[in-house]
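Report on the following structure.
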Amino acid sequence: VQLQAYGGGLVQAGGSLSLSCAGSGRSFSSRVMGWFRQAPGKEREFVGAISWNDGSTSYGNSVKGRFTISRDNAKNMVYLHMNSLKREDTAVYYCAADGRLMSWALPTTERAYHYWGQGTQVTVSS
């Protein structure tokens, strides 16, 4: 599975931005997809994940209620919709695919995700 995240940019605090992640490979639609982010000087942080089939989602505490993940398996795409952005949301955002096929879990740790996109920068200004 190859992944490419895009859509990052500069946005004012309180604004919205949507990221996209394009996947390749037949198994994309059978994998849980996750989003992570990494701010300068900080460890990579779990943002959220979406199941491969029923749309179930899980979010990190820092983004819960503000961010939404969706996917379109027909297009091999996953999206991260970000609202009410804060300066502390500034980071490089990565999409990732679970190493397992058709898993019912929504993992929050990096090691569960074996395939990673290259990251896209999101900068939130005050």
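So you can find residues: chains in the structure tokens are A, B, ... in the order shown, residues in each start at 1, and ligands are numbered from 1 in order.
Near A:Val63, within 10 Å and counting only C-alpha atoms, sit A:Phe46, A:Val47, A:Gly48, A:Tyr59, A:Phe67, A:Thr68, A:Met82, A:Asn83, A:Ser84, A:Leu85, A:Lys86, A:Asp89; same-chain residues fewer than 4 positions away were not included.
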| Selection: 7 Å around stretch 102-106 of chain A, only C-alpha atoms, excl. self and same-chain fewer than 6 positions, as a ChimeraX atom specification | /A:30-32,49-52,58
| said: If DSSP is run on the backbone, what residues of stretch 5-83 of chain A are strand (DSSP E or B)? A reply as a PyMOL selection string would be ideal. | reply: chain A and resi 5-6+9-12+17-24+33-38+45-50+57-59+67-72+77-82
Produce a file of the selected residues containing N, CA and C atoms, as a compact mmCIF listing (two decimals), in the first residue's frame.
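Output (out29.txt):
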```
# COMPACT_ATOMS: atom_id res chain seq x y z
N ALA A 5 -0.35 11.89 1.33
CA ALA A 5 -1.19 12.89 1.98
C ALA A 5 -0.96 14.26 1.36
N TYR A 6 -2.03 15.03 1.26
CA TYR A 6 -1.90 16.37 0.72
C TYR A 6 -3.04 17.23 1.23
N GLY A 9 -1.52 23.37 4.63
CA GLY A 9 -1.31 24.77 4.31
C GLY A 9 -1.37 25.64 5.54
N LEU A 10 -1.49 26.93 5.30
CA LEU A 10 -1.55 27.92 6.37
C LEU A 10 -3.00 28.34 6.58
N VAL A 11 -3.44 28.32 7.82
CA VAL A 11 -4.83 28.68 8.13
C VAL A 11 -4.84 29.45 9.43
N GLN A 12 -5.79 30.36 9.56
CA GLN A 12 -5.91 31.14 10.78
C GLN A 12 -6.59 30.33 11.87
N LEU A 17 -9.75 23.25 7.72
CA LEU A 17 -8.90 22.73 6.65
C LEU A 17 -9.18 21.25 6.52
N SER A 18 -9.15 20.76 5.30
CA SER A 18 -9.33 19.33 5.07
C SER A 18 -8.11 18.75 4.39
N LEU A 19 -7.66 17.63 4.91
CA LEU A 19 -6.55 16.89 4.32
C LEU A 19 -7.08 15.67 3.60
N SER A 20 -6.35 15.28 2.57
CA SER A 20 -6.70 14.09 1.82
C SER A 20 -5.52 13.13 1.83
N CYS A 21 -5.85 11.87 1.69
CA CYS A 21 -4.81 10.84 1.60
C CYS A 21 -5.23 9.87 0.50
N ALA A 22 -4.42 9.79 -0.52
CA ALA A 22 -4.69 8.88 -1.63
C ALA A 22 -3.91 7.60 -1.45
N GLY A 23 -4.60 6.49 -1.58
CA GLY A 23 -3.95 5.20 -1.42
C GLY A 23 -3.94 4.41 -2.71
N SER A 24 -2.98 3.53 -2.82
CA SER A 24 -2.92 2.64 -3.97
C SER A 24 -2.87 1.21 -3.46
N MET A 33 -7.52 2.90 8.56
CA MET A 33 -6.66 4.02 8.21
C MET A 33 -6.57 4.97 9.39
N GLY A 34 -5.38 5.47 9.61
CA GLY A 34 -5.16 6.38 10.72
C GLY A 34 -4.52 7.67 10.28
N TRP A 35 -4.68 8.68 11.11
CA TRP A 35 -3.99 9.96 10.94
C TRP A 35 -3.17 10.23 12.20
N PHE A 36 -1.97 10.65 11.98
CA PHE A 36 -1.07 11.05 13.07
C PHE A 36 -0.53 12.43 12.75
N ARG A 37 0.06 13.06 13.75
CA ARG A 37 0.71 14.35 13.51
C ARG A 37 1.94 14.46 14.39
N GLN A 38 2.86 15.28 13.94
CA GLN A 38 4.08 15.50 14.70
C GLN A 38 4.46 16.96 14.63
N GLU A 45 1.86 11.98 17.35
CA GLU A 45 0.64 11.88 18.15
C GLU A 45 -0.49 11.30 17.32
N PHE A 46 -1.25 10.42 17.93
CA PHE A 46 -2.43 9.84 17.28
C PHE A 46 -3.51 10.91 17.14
N VAL A 47 -4.03 11.06 15.93
CA VAL A 47 -5.11 12.01 15.68
C VAL A 47 -6.45 11.28 15.61
N GLY A 48 -6.49 10.22 14.82
CA GLY A 48 -7.72 9.47 14.70
C GLY A 48 -7.58 8.31 13.75
N ALA A 49 -8.59 7.47 13.72
CA ALA A 49 -8.60 6.31 12.85
C ALA A 49 -10.02 6.01 12.40
N ILE A 50 -10.13 5.33 11.27
CA ILE A 50 -11.43 4.95 10.75
C ILE A 50 -11.39 3.49 10.31
N THR A 57 -15.13 5.32 13.95
CA THR A 57 -13.97 6.19 14.12
C THR A 57 -13.54 6.28 15.57
N SER A 58 -12.31 6.68 15.74
CA SER A 58 -11.75 6.93 17.06
C SER A 58 -10.85 8.15 16.93
N TYR A 59 -10.84 9.00 17.98
CA TYR A 59 -10.07 10.24 17.91
C TYR A 59 -9.23 10.44 19.16
N PHE A 67 -12.25 17.42 14.89
CA PHE A 67 -11.77 16.76 13.68
C PHE A 67 -12.68 15.58 13.34
N THR A 68 -12.82 15.32 12.06
CA THR A 68 -13.63 14.20 11.58
C THR A 68 -12.88 13.47 10.47
N ILE A 69 -12.89 12.15 10.55
CA ILE A 69 -12.26 11.33 9.51
C ILE A 69 -13.35 10.66 8.70
N SER A 70 -13.14 10.62 7.40
CA SER A 70 -14.05 9.89 6.51
C SER A 70 -13.21 9.18 5.46
N ARG A 71 -13.83 8.29 4.73
CA ARG A 71 -13.11 7.59 3.67
C ARG A 71 -14.07 7.25 2.54
N ASP A 72 -13.48 7.06 1.37
CA ASP A 72 -14.22 6.63 0.18
C ASP A 72 -13.43 5.48 -0.42
N MET A 77 -9.52 6.71 -0.99
CA MET A 77 -9.22 7.99 -0.35
C MET A 77 -9.66 7.99 1.10
N VAL A 78 -8.92 8.69 1.93
CA VAL A 78 -9.32 8.96 3.30
C VAL A 78 -9.10 10.44 3.55
N TYR A 79 -9.96 11.01 4.38
CA TYR A 79 -9.95 12.45 4.59
C TYR A 79 -9.88 12.79 6.07
N LEU A 80 -9.29 13.92 6.36
CA LEU A 80 -9.29 14.46 7.72
C LEU A 80 -9.83 15.88 7.64
N HIS A 81 -11.01 16.07 8.20
CA HIS A 81 -11.65 17.39 8.20
C HIS A 81 -11.39 18.04 9.56
N MET A 82 -10.75 19.20 9.54
CA MET A 82 -10.34 19.85 10.76
C MET A 82 -11.07 21.18 10.92
```
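The interatomic distance for the pair atom CA of A:Gln121 and atom CA of A:Gly25 works out to 24.8 Å.
Residues lying within 8 Å of A:Gly119, counting only C-alpha atoms and ignoring same-chain neighbours fewer than 3 positions away, are A:Gln4, A:Ala5, A:Tyr6, A:Val92, A:Tyr93, A:Tyr94, A:Cys95.
In terms of minimum interatomic distance to A:Thr109, A:Gly60 ranks closest within A:Arg87, A:Gly60, A:Gly41, A:Gly14, counting only C-alpha atoms.
Nearest residue to A:Val1, choosing from A:Arg111, A:Ala96, A:Thr123, A:Thr90 and counting only C-alpha atoms: A:Ala96.
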